[in-house]
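data02.pdb (PDB, C-alpha atoms, pLDDT in the B column) appears below.
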MODEL        1
ATOM      1  CA  MET A 169       7.479   1.428   6.703  1.00 48.00           C
ATOM      2  CA  ASP A 170       3.746   1.648   7.340  1.00 74.00           C
ATOM      3  CA  ILE A 171       2.065  -0.010   4.354  1.00 81.00           C
ATOM      4  CA  TYR A 172      -1.225   1.745   5.091  1.00 81.00           C
ATOM      5  CA  GLN A 173       0.145   5.226   4.421  1.00 80.00           C
ATOM      6  CA  HIS A 174      -0.258   4.727   0.669  1.00 78.00           C
ATOM      7  CA  PHE A 175      -3.936   3.784   0.896  1.00 85.00           C
ATOM      8  CA  ARG A 176      -7.275   5.011   2.203  1.00 87.00           C
ATOM      9  CA  LYS A 177      -8.491   4.000   5.646  1.00 88.00           C
ATOM     10  CA  GLU A 178     -11.432   2.010   4.266  1.00 89.00           C
ATOM     11  CA  GLU A 179      -9.039  -0.091   2.148  1.00 92.00           C
ATOM     12  CA  GLU A 180      -7.106  -1.455   5.122  1.00 92.00           C
ATOM     13  CA  PRO A 181      -9.131  -4.702   5.536  1.00 93.00           C
ATOM     14  CA  PHE A 182      -8.485  -5.612   1.895  1.00 95.00           C
ATOM     15  CA  ILE A 183      -4.799  -4.738   2.281  1.00 94.00           C
ATOM     16  CA  ASP A 184      -4.613  -7.098   5.264  1.00 94.00           C
ATOM     17  CA  GLN A 185      -6.149  -9.835   3.105  1.00 96.00           C
ATOM     18  CA  VAL A 186      -3.601  -9.235   0.343  1.00 95.00           C
ATOM     19  CA  VAL A 187      -0.690  -9.340   2.799  1.00 93.00           C
ATOM     20  CA  PHE A 188      -2.019 -12.663   4.151  1.00 95.00           C
ATOM     21  CA  TRP A 189      -2.219 -14.126   0.616  1.00 96.00           C
ATOM     22  CA  LYS A 190       1.285 -12.881  -0.166  1.00 94.00           C
ATOM     23  CA  GLU A 191       2.787 -14.401   2.966  1.00 94.00           C
ATOM     24  CA  GLN A 192       0.929 -17.682   2.377  1.00 95.00           C
ATOM     25  CA  VAL A 193       2.376 -18.094  -1.112  1.00 95.00           C
ATOM     26  CA  GLU A 194       5.874 -17.076  -0.010  1.00 93.00           C
ATOM     27  CA  ARG A 195       5.749 -19.590   2.851  1.00 94.00           C
ATOM     28  CA  ASN A 196       3.991 -22.549   1.214  1.00 95.00           C
ATOM     29  CA  TYR A 197       4.883 -22.076  -2.487  1.00 94.00           C
ATOM     30  CA  ILE A 198       1.265 -22.838  -3.426  1.00 95.00           C
ATOM     31  CA  PRO A 199      -0.397 -20.450  -5.925  1.00 97.00           C
ATOM     32  CA  LYS A 200      -3.371 -18.367  -4.725  1.00 97.00           C
ATOM     33  CA  LEU A 201      -6.307 -17.721  -7.108  1.00 98.00           C
ATOM     34  CA  THR A 202      -8.472 -14.763  -6.104  1.00 98.00           C
ATOM     35  CA  ASP A 203     -12.106 -14.093  -6.889  1.00 98.00           C
ATOM     36  CA  PHE A 204     -12.881 -11.327  -9.393  1.00 98.00           C
ATOM     37  CA  LEU A 205     -11.366  -8.014  -8.358  1.00 97.00           C
ATOM     38  CA  ASP A 206     -12.319  -4.536  -9.513  1.00 93.00           C
ATOM     39  CA  PRO A 207      -9.588  -2.294 -11.009  1.00 91.00           C
ATOM     40  CA  ARG A 208      -8.786  -0.581  -7.701  1.00 90.00           C
ATOM     41  CA  GLU A 209      -8.372  -3.932  -5.925  1.00 94.00           C
ATOM     42  CA  GLN A 210      -6.108  -5.111  -8.754  1.00 94.00           C
ATOM     43  CA  GLN A 211      -4.043  -1.953  -8.317  1.00 91.00           C
ATOM     44  CA  ILE A 212      -3.709  -2.583  -4.583  1.00 92.00           C
ATOM     45  CA  LEU A 213      -2.474  -6.137  -5.235  1.00 94.00           C
ATOM     46  CA  GLN A 214       0.126  -4.842  -7.668  1.00 93.00           C
ATOM     47  CA  MET A 215       1.313  -2.236  -5.190  1.00 90.00           C
ATOM     48  CA  VAL A 216       1.517  -4.648  -2.246  1.00 90.00           C
ATOM     49  CA  ILE A 217       3.098  -7.544  -4.148  1.00 89.00           C
ATOM     50  CA  GLY A 218       5.536  -5.261  -5.968  1.00 79.00           C
ATOM     51  CA  GLU A 219       6.924  -5.608  -9.466  1.00 66.00           C
ATOM     52  CA  GLN A 220      10.452  -6.259  -8.172  1.00 66.00           C
ATOM     53  CA  ASN A 221       9.464  -9.241  -6.018  1.00 77.00           C
ATOM     54  CA  GLU A 222      11.921 -12.060  -6.764  1.00 83.00           C
ATOM     55  CA  VAL A 223      10.019 -14.753  -4.874  1.00 90.00           C
ATOM     56  CA  ILE A 224       6.475 -14.511  -6.232  1.00 94.00           C
ATOM     57  CA  LYS A 225       4.713 -13.101  -9.284  1.00 94.00           C
ATOM     58  CA  LEU A 226       1.257 -11.724 -10.025  1.00 95.00           C
ATOM     59  CA  LEU A 227      -0.855 -12.531 -13.083  1.00 96.00           C
ATOM     60  CA  ALA A 228      -4.391 -11.525 -14.058  1.00 97.00           C
ATOM     61  CA  SER A 229      -7.154 -12.523 -16.463  1.00 98.00           C
ATOM     62  CA  GLY A 230     -10.756 -11.535 -16.979  1.00 97.00           C
ATOM     63  CA  GLY A 231     -11.388 -13.713 -20.012  1.00 97.00           C
ATOM     64  CA  TYR A 232     -10.609 -11.167 -22.726  1.00 96.00           C
ATOM     65  CA  ARG A 233      -8.094  -8.427 -23.418  1.00 92.00           C
ATOM     66  CA  HIS A 234     -10.001  -5.402 -22.131  1.00 92.00           C
ATOM     67  CA  ALA A 235     -11.710  -7.039 -19.136  1.00 96.00           C
ATOM     68  CA  GLU A 236     -12.365  -4.709 -16.240  1.00 93.00           C
ATOM     69  CA  ARG A 237     -12.963  -7.281 -13.500  1.00 96.00           C
ATOM     70  CA  LYS A 238     -10.259  -9.937 -13.278  1.00 98.00           C
ATOM     71  CA  ARG A 239      -9.190 -12.913 -11.249  1.00 98.00           C
ATOM     72  CA  MET A 240      -5.563 -12.796 -10.165  1.00 98.00           C
ATOM     73  CA  ILE A 241      -3.025 -15.477  -9.353  1.00 98.00           C
ATOM     74  CA  ILE A 242      -0.216 -14.967  -6.869  1.00 97.00           C
ATOM     75  CA  ALA A 243       2.327 -17.676  -7.658  1.00 96.00           C
ATOM     76  CA  PRO A 244       5.918 -18.669  -6.943  1.00 95.00           C
ATOM     77  CA  PHE A 245       8.149 -17.028  -9.569  1.00 93.00           C
ATOM     78  CA  TYR A 246       8.994 -20.394 -11.181  1.00 93.00           C
ATOM     79  CA  GLU A 247       5.369 -21.575 -11.487  1.00 94.00           C
ATOM     80  CA  GLU A 248       3.990 -22.011 -15.009  1.00 95.00           C
ATOM     81  CA  VAL A 249       0.547 -20.365 -15.139  1.00 96.00           C
ATOM     82  CA  GLU A 250      -1.861 -21.144 -17.991  1.00 96.00           C
ATOM     83  CA  GLU A 251      -5.074 -19.349 -18.944  1.00 97.00           C
ATOM     84  CA  GLU A 252      -7.199 -22.264 -17.707  1.00 97.00           C
ATOM     85  CA  ASP A 253      -5.685 -21.813 -14.243  1.00 98.00           C
ATOM     86  CA  PHE A 254      -7.845 -18.694 -13.815  1.00 98.00           C
ATOM     87  CA  GLN A 255     -10.951 -20.926 -13.838  1.00 98.00           C
ATOM     88  CA  LEU A 256     -13.245 -18.712 -15.936  1.00 98.00           C
ATOM     89  CA  SER A 257     -16.479 -19.547 -17.759  1.00 98.00           C
ATOM     90  CA  LEU A 258     -18.269 -17.563 -20.464  1.00 98.00           C
ATOM     91  CA  LEU A 259     -22.040 -18.003 -20.160  1.00 98.00           C
ATOM     92  CA  GLU A 260     -24.464 -16.857 -22.835  1.00 98.00           C
ATOM     93  CA  ALA A 261     -28.246 -16.532 -23.170  1.00 97.00           C
ATOM     94  CA  THR A 262     -30.619 -14.819 -25.590  1.00 95.00           C
ATOM     95  CA  TYR A 263     -33.897 -12.953 -25.031  1.00 94.00           C
ATOM     96  CA  GLU A 264     -36.659 -11.397 -27.151  1.00 89.00           C
ATOM     97  CA  LYS A 265     -35.389  -7.848 -27.662  1.00 86.00           C
ATOM     98  CA  LYS A 266     -38.612  -6.795 -29.447  1.00 84.00           C
ATOM     99  CA  PHE A 267     -40.644  -7.176 -26.283  1.00 84.00           C
ATOM    100  CA  ILE A 268     -38.177  -6.732 -23.421  1.00 89.00           C
ATOM    101  CA  THR A 269     -35.417  -4.260 -22.660  1.00 91.00           C
ATOM    102  CA  LEU A 270     -32.700  -5.532 -20.349  1.00 95.00           C
ATOM    103  CA  THR A 271     -29.798  -3.669 -18.792  1.00 93.00           C
ATOM    104  CA  HIS A 272     -26.553  -4.529 -17.054  1.00 92.00           C
ATOM    105  CA  ARG A 273     -28.292  -3.747 -13.760  1.00 91.00           C
ATOM    106  CA  ASP A 274     -31.078  -6.269 -14.508  1.00 96.00           C
ATOM    107  CA  VAL A 275     -28.614  -9.085 -15.167  1.00 97.00           C
ATOM    108  CA  MET A 276     -26.564  -8.222 -12.104  1.00 96.00           C
ATOM    109  CA  GLY A 277     -29.689  -8.219  -9.920  1.00 96.00           C
ATOM    110  CA  ALA A 278     -30.828 -11.597 -11.239  1.00 97.00           C
ATOM    111  CA  PHE A 279     -27.365 -13.066 -10.614  1.00 97.00           C
ATOM    112  CA  LEU A 280     -27.163 -11.760  -7.041  1.00 97.00           C
ATOM    113  CA  SER A 281     -30.696 -13.016  -6.322  1.00 97.00           C
ATOM    114  CA  LEU A 282     -29.288 -16.558  -6.592  1.00 97.00           C
ATOM    115  CA  GLY A 283     -27.389 -15.921  -3.367  1.00 97.00           C
ATOM    116  CA  ILE A 284     -23.982 -15.820  -5.062  1.00 96.00           C
ATOM    117  CA  LYS A 285     -21.546 -13.130  -3.981  1.00 96.00           C
ATOM    118  CA  ARG A 286     -20.552 -10.397  -6.431  1.00 96.00           C
ATOM    119  CA  GLU A 287     -16.920 -11.509  -6.374  1.00 97.00           C
ATOM    120  CA  LYS A 288     -17.811 -14.617  -8.397  1.00 98.00           C
ATOM    121  CA  LEU A 289     -18.982 -12.498 -11.350  1.00 98.00           C
ATOM    122  CA  GLY A 290     -16.761 -10.808 -13.909  1.00 97.00           C
ATOM    123  CA  ASP A 291     -17.810  -8.552 -16.776  1.00 97.00           C
ATOM    124  CA  ILE A 292     -21.338  -8.512 -18.212  1.00 96.00           C
ATOM    125  CA  PHE A 293     -22.501  -7.672 -21.746  1.00 95.00           C
ATOM    126  CA  VAL A 294     -26.181  -7.026 -22.555  1.00 95.00           C
ATOM    127  CA  GLU A 295     -27.236  -5.826 -25.988  1.00 91.00           C
ATOM    128  CA  GLY A 296     -29.553  -6.670 -28.874  1.00 89.00           C
ATOM    129  CA  GLY A 297     -31.110  -9.785 -27.390  1.00 94.00           C
ATOM    130  CA  LEU A 298     -27.817 -11.243 -26.175  1.00 96.00           C
ATOM    131  CA  ILE A 299     -26.469 -11.653 -22.642  1.00 97.00           C
ATOM    132  CA  GLN A 300     -22.903 -12.715 -21.973  1.00 98.00           C
ATOM    133  CA  MET A 301     -21.314 -12.929 -18.552  1.00 98.00           C
ATOM    134  CA  ILE A 302     -17.991 -14.182 -17.286  1.00 98.00           C
ATOM    135  CA  VAL A 303     -18.217 -16.141 -14.047  1.00 98.00           C
ATOM    136  CA  ALA A 304     -15.971 -18.207 -11.803  1.00 98.00           C
ATOM    137  CA  LYS A 305     -15.926 -21.732 -13.235  1.00 98.00           C
ATOM    138  CA  GLU A 306     -16.778 -23.290  -9.880  1.00 98.00           C
ATOM    139  CA  ILE A 307     -20.246 -21.694  -9.853  1.00 98.00           C
ATOM    140  CA  SER A 308     -21.099 -21.882 -13.582  1.00 98.00           C
ATOM    141  CA  PRO A 309     -23.147 -25.147 -13.327  1.00 98.00           C
ATOM    142  CA  TYR A 310     -25.240 -23.602 -10.538  1.00 98.00           C
ATOM    143  CA  VAL A 311     -25.828 -20.442 -12.581  1.00 98.00           C
ATOM    144  CA  MET A 312     -26.838 -22.387 -15.701  1.00 98.00           C
ATOM    145  CA  MET A 313     -29.285 -24.465 -13.690  1.00 98.00           C
ATOM    146  CA  ASN A 314     -30.867 -21.666 -11.674  1.00 98.00           C
ATOM    147  CA  LEU A 315     -30.650 -18.400 -13.609  1.00 97.00           C
ATOM    148  CA  THR A 316     -33.774 -19.055 -15.686  1.00 96.00           C
ATOM    149  CA  SER A 317     -35.108 -15.507 -15.930  1.00 95.00           C
ATOM    150  CA  VAL A 318     -33.870 -11.922 -15.966  1.00 96.00           C
ATOM    151  CA  LYS A 319     -36.539  -9.331 -15.211  1.00 91.00           C
ATOM    152  CA  ASN A 320     -39.456 -10.627 -17.333  1.00 88.00           C
ATOM    153  CA  ALA A 321     -37.311 -12.507 -19.815  1.00 92.00           C
ATOM    154  CA  LYS A 322     -36.973 -16.279 -19.801  1.00 94.00           C
ATOM    155  CA  THR A 323     -33.310 -17.246 -20.110  1.00 96.00           C
ATOM    156  CA  THR A 324     -31.328 -20.415 -20.640  1.00 96.00           C
ATOM    157  CA  PHE A 325     -27.601 -19.969 -20.161  1.00 98.00           C
ATOM    158  CA  HIS A 326     -25.039 -22.141 -21.938  1.00 98.00           C
ATOM    159  CA  GLU A 327     -21.273 -22.212 -21.638  1.00 98.00           C
ATOM    160  CA  LYS A 328     -19.435 -20.893 -24.701  1.00 97.00           C
ATOM    161  CA  PRO A 329     -15.782 -20.852 -25.764  1.00 97.00           C
ATOM    162  CA  PHE A 330     -14.072 -17.535 -25.149  1.00 96.00           C
ATOM    163  CA  GLU A 331     -13.458 -17.168 -28.889  1.00 95.00           C
ATOM    164  CA  GLN A 332     -17.175 -16.284 -29.147  1.00 96.00           C
ATOM    165  CA  ILE A 333     -17.032 -13.374 -26.716  1.00 96.00           C
ATOM    166  CA  ARG A 334     -18.886 -10.293 -27.955  1.00 93.00           C
ATOM    167  CA  ILE A 335     -17.991  -7.774 -25.269  1.00 89.00           C
ATOM    168  CA  PRO A 336     -16.675  -4.724 -27.161  1.00 88.00           C
ATOM    169  CA  GLU A 337     -13.507  -2.775 -26.414  1.00 87.00           C
ATOM    170  CA  PRO A 338     -14.391   0.155 -24.121  1.00 88.00           C
ATOM    171  CA  ASN A 339     -14.313   3.620 -25.699  1.00 92.00           C
ATOM    172  CA  TRP A 340     -12.686   5.992 -23.198  1.00 94.00           C
ATOM    173  CA  VAL A 341     -12.629   9.619 -24.323  1.00 96.00           C
ATOM    174  CA  GLU A 342      -9.933  11.658 -22.579  1.00 96.00           C
ATOM    175  CA  SER A 343      -9.970  15.363 -21.734  1.00 96.00           C
ATOM    176  CA  ASN A 344      -8.177  17.860 -19.487  1.00 96.00           C
ATOM    177  CA  GLN A 345      -9.773  19.906 -16.717  1.00 94.00           C
ATOM    178  CA  THR A 346      -8.764  22.353 -14.035  1.00 95.00           C
ATOM    179  CA  VAL A 347     -10.387  21.986 -10.606  1.00 95.00           C
ATOM    180  CA  SER A 348     -10.100  24.103  -7.489  1.00 94.00           C
ATOM    181  CA  SER A 349      -9.625  20.963  -5.378  1.00 95.00           C
ATOM    182  CA  LEU A 350      -9.774  17.175  -5.669  1.00 96.00           C
ATOM    183  CA  ARG A 351     -13.018  16.963  -3.718  1.00 96.00           C
ATOM    184  CA  LEU A 352     -15.485  14.493  -5.202  1.00 97.00           C
ATOM    185  CA  ASP A 353     -18.108  17.144  -5.998  1.00 96.00           C
ATOM    186  CA  ASN A 354     -15.522  19.343  -7.748  1.00 96.00           C
ATOM    187  CA  VAL A 355     -14.246  16.518  -9.917  1.00 97.00           C
ATOM    188  CA  ILE A 356     -17.620  15.140 -11.052  1.00 97.00           C
ATOM    189  CA  LYS A 357     -18.843  18.704 -11.649  1.00 96.00           C
ATOM    190  CA  GLU A 358     -16.122  19.182 -14.254  1.00 96.00           C
ATOM    191  CA  ILE A 359     -16.223  15.709 -15.797  1.00 96.00           C
ATOM    192  CA  TYR A 360     -20.001  15.595 -16.230  1.00 96.00           C
ATOM    193  CA  ARG A 361     -20.483  19.349 -16.712  1.00 95.00           C
ATOM    194  CA  MET A 362     -22.872  19.659 -13.803  1.00 94.00           C
ATOM    195  CA  SER A 363     -23.539  22.577 -11.510  1.00 95.00           C
ATOM    196  CA  ARG A 364     -21.885  22.426  -8.099  1.00 93.00           C
ATOM    197  CA  LYS A 365     -25.334  22.106  -6.518  1.00 96.00           C
ATOM    198  CA  ASP A 366     -26.320  19.181  -8.768  1.00 96.00           C
ATOM    199  CA  ALA A 367     -22.993  17.443  -8.078  1.00 96.00           C
ATOM    200  CA  GLN A 368     -23.460  17.738  -4.329  1.00 96.00           C
ATOM    201  CA  MET A 369     -27.065  16.552  -4.597  1.00 96.00           C
ATOM    202  CA  ALA A 370     -26.020  13.491  -6.611  1.00 97.00           C
ATOM    203  CA  VAL A 371     -23.562  12.565  -3.864  1.00 97.00           C
ATOM    204  CA  GLU A 372     -26.137  13.118  -1.107  1.00 96.00           C
ATOM    205  CA  LYS A 373     -28.683  10.943  -2.952  1.00 96.00           C
ATOM    206  CA  GLN A 374     -26.135   8.089  -3.129  1.00 96.00           C
ATOM    207  CA  LEU A 375     -25.951   8.249  -6.923  1.00 97.00           C
ATOM    208  CA  VAL A 376     -22.164   8.503  -7.018  1.00 97.00           C
ATOM    209  CA  LYS A 377     -19.649   5.674  -6.717  1.00 96.00           C
ATOM    210  CA  VAL A 378     -15.877   5.756  -6.393  1.00 95.00           C
ATOM    211  CA  ASN A 379     -14.157   2.479  -7.236  1.00 92.00           C
ATOM    212  CA  HIS A 380     -17.552   0.727  -7.339  1.00 88.00           C
ATOM    213  CA  LYS A 381     -18.553   1.852  -3.828  1.00 90.00           C
ATOM    214  CA  ILE A 382     -21.122   4.518  -2.968  1.00 94.00           C
ATOM    215  CA  VAL A 383     -19.570   7.633  -1.444  1.00 96.00           C
ATOM    216  CA  GLU A 384     -21.834  10.014   0.464  1.00 94.00           C
ATOM    217  CA  ASP A 385     -19.265  12.684   1.362  1.00 95.00           C
ATOM    218  CA  SER A 386     -18.824  15.524  -1.156  1.00 96.00           C
ATOM    219  CA  LYS A 387     -15.437  16.314   0.429  1.00 95.00           C
ATOM    220  CA  PHE A 388     -14.074  12.835  -0.361  1.00 96.00           C
ATOM    221  CA  GLN A 389     -10.635  13.267  -1.965  1.00 95.00           C
ATOM    222  CA  ILE A 390     -10.187  11.727  -5.417  1.00 96.00           C
ATOM    223  CA  GLU A 391      -6.843  10.155  -6.341  1.00 92.00           C
ATOM    224  CA  GLU A 392      -5.113   9.057  -9.538  1.00 91.00           C
ATOM    225  CA  GLY A 393      -6.598   5.857 -10.927  1.00 89.00           C
ATOM    226  CA  ASP A 394      -9.978   6.253  -9.213  1.00 93.00           C
ATOM    227  CA  LEU A 395     -13.016   5.059 -11.172  1.00 94.00           C
ATOM    228  CA  LEU A 396     -16.106   7.232 -10.839  1.00 97.00           C
ATOM    229  CA  SER A 397     -19.724   6.815 -11.828  1.00 96.00           C
ATOM    230  CA  VAL A 398     -22.836   8.956 -11.560  1.00 97.00           C
ATOM    231  CA  ARG A 399     -26.094   7.063 -12.021  1.00 94.00           C
ATOM    232  CA  GLY A 400     -27.680   8.005 -15.326  1.00 92.00           C
ATOM    233  CA  LYS A 401     -24.539   9.780 -16.559  1.00 94.00           C
ATOM    234  CA  GLY A 402     -22.086   6.924 -17.004  1.00 93.00           C
ATOM    235  CA  ARG A 403     -18.594   6.121 -15.846  1.00 94.00           C
ATOM    236  CA  SER A 404     -15.342   8.043 -15.798  1.00 97.00           C
ATOM    237  CA  LYS A 405     -11.868   7.919 -14.291  1.00 95.00           C
ATOM    238  CA  LEU A 406      -9.130  10.232 -13.094  1.00 96.00           C
ATOM    239  CA  ILE A 407      -6.117   9.247 -15.171  1.00 95.00           C
ATOM    240  CA  LYS A 408      -3.511  11.642 -13.884  1.00 95.00           C
ATOM    241  CA  ILE A 409      -3.002  14.695 -11.703  1.00 95.00           C
ATOM    242  CA  GLU A 410      -0.816  16.851 -13.960  1.00 95.00           C
ATOM    243  CA  GLY A 411       0.175  19.418 -11.345  1.00 93.00           C
ATOM    244  CA  GLN A 412      -1.004  22.749  -9.982  1.00 92.00           C
ATOM    245  CA  THR A 413      -1.476  26.174 -11.498  1.00 92.00           C
ATOM    246  CA  ARG A 414      -0.081  29.410 -10.090  1.00 90.00           C
ATOM    247  CA  LYS A 415      -3.426  29.885  -8.365  1.00 90.00           C
ATOM    248  CA  ASP A 416      -3.101  26.461  -6.682  1.00 92.00           C
ATOM    249  CA  LYS A 417      -5.743  24.799  -8.819  1.00 94.00           C
ATOM    250  CA  PHE A 418      -5.219  21.219  -9.988  1.00 96.00           C
ATOM    251  CA  ARG A 419      -4.721  20.278 -13.624  1.00 96.00           C
ATOM    252  CA  ILE A 420      -6.145  16.800 -14.196  1.00 97.00           C
ATOM    253  CA  ARG A 421      -6.542  14.403 -17.096  1.00 97.00           C
ATOM    254  CA  THR A 422      -9.755  12.388 -17.041  1.00 97.00           C
ATOM    255  CA  ALA A 423     -11.662  10.013 -19.318  1.00 97.00           C
ATOM    256  CA  ILE A 424     -15.343   9.282 -19.717  1.00 97.00           C
ATOM    257  CA  LEU A 425     -16.763   6.017 -21.083  1.00 94.00           C
ATOM    258  CA  LYS A 426     -18.840   6.601 -24.200  1.00 89.00           C
TER     259      LYS A 426
ENDMDL
END
Would you kindly transcribe this structure into structure tokens?
Amino acid sequence: MDIYQHFRKEEEPFIDQVVFWKEQVERNYIPKLTDFLDPREQQILQMVIGEQNEVIKLLASGGYRHAERKRMIIAPFYEEVEEEDFQLSLLEATYEKKFITLTHRDVMGAFLSLGIKREKLGDIFVEGGLIQMIVAKEISPYVMMNLTSVKNAKTTFHEKPFEQIRIPEPNWVESNQTVSSLRLDNVIKEIYRMSRKDAQMAVEKQLVKVNHKIVEDSKFQIEEGDLLSVRGKGRSKLIKIEGQTRKDKFRIRTAILK
């Protein structure tokens, strides 16, 4: 069976990587720890590894219960995996909220400016003078030493125990819609209550992401489990395609992050 038939064309390189990891663990019986993966990448791992695999198992952790970005371990079925095996660090810094406003984007930009790849960074929390970020343990000393400012704010990051995490549980508000097709512009039009013209313009201006990647084609087909975002309007996801109406429209269940 062609494994690619269940995935999009642009996901094939990642699928190849997952298959390589899987075969490595099955052959050598040595656990594989991944970098941080977004929810779609986690889903691909689960689909490729398979829940009924009797040789290896798949575990995940992002540092707290509702983490979006997680590191995953592919391990022989008999291997005992502990939380510390995921090699995560919680880093925290404070800033003067009276004088400076920081956003998630600001912290992300400062982190990437250190020359570290995005895959080494988990979830970020920025609010009320506090920054918390979850990073791969192997790069945490480098981050603490070099990430000394975010935007115009001086910062000093320290490692904290995960019991002190402040990242709140996400508030997803679900609703049902009917769309004429599963094209990207149709779906975001309904979720964000935009005009068709505004939805298409947002896509053309590269303001729309699907599964954390910019999509520039309004005709792009959305699938169950896809995460969407429109800059300035927040994030959403397609939870389930419920079926079709008598007029061949699609009934979908979606959620938007409040």
Inset, instruction - Name the residues that the PyMOL selection byres ((chain A and resi 387) around 9) pulls out of this structure, and write them as a list of chain:residue names. - result: A:Leu350, A:Arg351, A:Leu352, A:Asp353, A:Asn354, A:Glu384, A:Asp385, A:Ser386, A:Phe388, A:Gln389
Inset, instruction - For range 228-245 of chain A, please output as a PyMOL selection string all residues within 8 Å (counting only C-alpha atoms; exclusion window: fewer than 2 positions along the same chain). - result: chain A and resi 189-190+193-194+197-207+210+222-226+247+251+254+256+258+290-291+302+330+333+337-338
Please produce a file of the residues just selected, as an mmCIF file, in the coordinates of the input, where the atoms kept are C-alpha atoms.
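So the final result, stored in part-v4.cif, reads:
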data_model
loop_
_atom_site.group_PDB
_atom_site.id
_atom_site.type_symbol
_atom_site.label_atom_id
_atom_site.label_comp_id
_atom_site.auth_asym_id
_atom_site.auth_seq_id
_atom_site.Cartn_x
_atom_site.Cartn_y
_atom_site.Cartn_z
ATOM 1 C CA TRP A 189 -2.219 -14.126 0.616
ATOM 2 C CA LYS A 190 1.285 -12.881 -0.166
ATOM 3 C CA VAL A 193 2.376 -18.094 -1.112
ATOM 4 C CA GLU A 194 5.874 -17.076 -0.010
ATOM 5 C CA TYR A 197 4.883 -22.076 -2.487
ATOM 6 C CA ILE A 198 1.265 -22.838 -3.426
ATOM 7 C CA PRO A 199 -0.397 -20.450 -5.925
ATOM 8 C CA LYS A 200 -3.371 -18.367 -4.725
ATOM 9 C CA LEU A 201 -6.307 -17.721 -7.108
ATOM 10 C CA THR A 202 -8.472 -14.763 -6.104
ATOM 11 C CA ASP A 203 -12.106 -14.093 -6.889
ATOM 12 C CA PHE A 204 -12.881 -11.327 -9.393
ATOM 13 C CA LEU A 205 -11.366 -8.014 -8.358
ATOM 14 C CA ASP A 206 -12.319 -4.536 -9.513
ATOM 15 C CA PRO A 207 -9.588 -2.294 -11.009
ATOM 16 C CA GLN A 210 -6.108 -5.111 -8.754
ATOM 17 C CA GLU A 222 11.921 -12.060 -6.764
ATOM 18 C CA VAL A 223 10.019 -14.753 -4.874
ATOM 19 C CA ILE A 224 6.475 -14.511 -6.232
ATOM 20 C CA LYS A 225 4.713 -13.101 -9.284
ATOM 21 C CA LEU A 226 1.257 -11.724 -10.025
ATOM 22 C CA GLU A 247 5.369 -21.575 -11.487
ATOM 23 C CA GLU A 251 -5.074 -19.349 -18.944
ATOM 24 C CA PHE A 254 -7.845 -18.694 -13.815
ATOM 25 C CA LEU A 256 -13.245 -18.712 -15.936
ATOM 26 C CA LEU A 258 -18.269 -17.563 -20.464
ATOM 27 C CA GLY A 290 -16.761 -10.808 -13.909
ATOM 28 C CA ASP A 291 -17.810 -8.552 -16.776
ATOM 29 C CA ILE A 302 -17.991 -14.182 -17.286
ATOM 30 C CA PHE A 330 -14.072 -17.535 -25.149
ATOM 31 C CA ILE A 333 -17.032 -13.374 -26.716
ATOM 32 C CA GLU A 337 -13.507 -2.775 -26.414
ATOM 33 C CA PRO A 338 -14.391 0.155 -24.121
#
Inset, instruction - Between CA of Glu372 in chain A and CA of Gln211 in chain A, measure the distance and give it in Å to one decimal. - result: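 Computing it gives 27.7 Å between the two atoms.
Shortest atom-to-atom contact with Tyr310 in chain A among A:Ile356, A:Leu259, A:Ile292, A:Val378: A:Leu259, counting all atoms listed in the file.
Of the listed residues A:Val249, A:His174, A:Ile217, A:Glu410, the one whose atoms come nearest to Phe188 in chain A is A:Ile217, with distances taken using all atoms listed in the file.
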Inset, instruction - Report the distance between CA of Asp366 in chain A and CA of Gly400 in chain A in Å, rounded to one decimal place. - result: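 We find that CA of Asp366 in chain A and CA of Gly400 in chain A lie 13.0 Å from each other.
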Mind giving me the axis-aligned box for range 371-389 of chain A with 5 Å on every side, centre plus edges in Å to one decimal, as JSON?
{"center_x": -19.7, "center_y": 8.5, "center_z": -3.0, "size_x": 28.0, "size_y": 25.6, "size_z": 18.7}
Inset, instruction - Translate the PyMOL selection byres ((chain A and resi 323-327) around 8), as applied to the file shown, into an explicit residue set as number ranges by chain. - result: A: 257-263, 311-312, 315-318, 321-322, 328-329
Inset, instruction - Check which residues satisfy the PyMOL selection byres ((chain A and resi 359) around 9) in the file shown, then give them as a PyMOL selection string. - result: chain A and resi 343+345+354-358+360-362+404+422-424
Inset, instruction - Taking (-6.1, -2.1, -3.5) in the file's own coordinates, collect the residues within 8 Å, counting all atoms listed in the file, and hand them back as JSON, numbers by chain. - result: {"A": [175, 179, 182, 183, 208, 209, 210, 211, 212, 213, 214, 215]}
Legend entry - Computed interatomic separation between CA of Lys373 in chain A and CA of Val275 in chain A (Å):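 Straight-line distance from CA of Lys373 in chain A to CA of Val275 in chain A works out to 23.5 Å.
Compared by their closest atoms to Ala367 in chain A, and using all atoms listed in the file, the residues A:Thr346, A:Asn221, A:Thr269, A:Ser397 rank with A:Ser397 nearest.
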Inset, instruction - Using only C-alpha atoms, pick whichever of A:Leu227, A:Val216, A:Val303, A:Ala370 has the shortest atom-to-atom distance to Val383 in chain A. - result: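 Under the stated criterion, the closest residue is A:Ala370.
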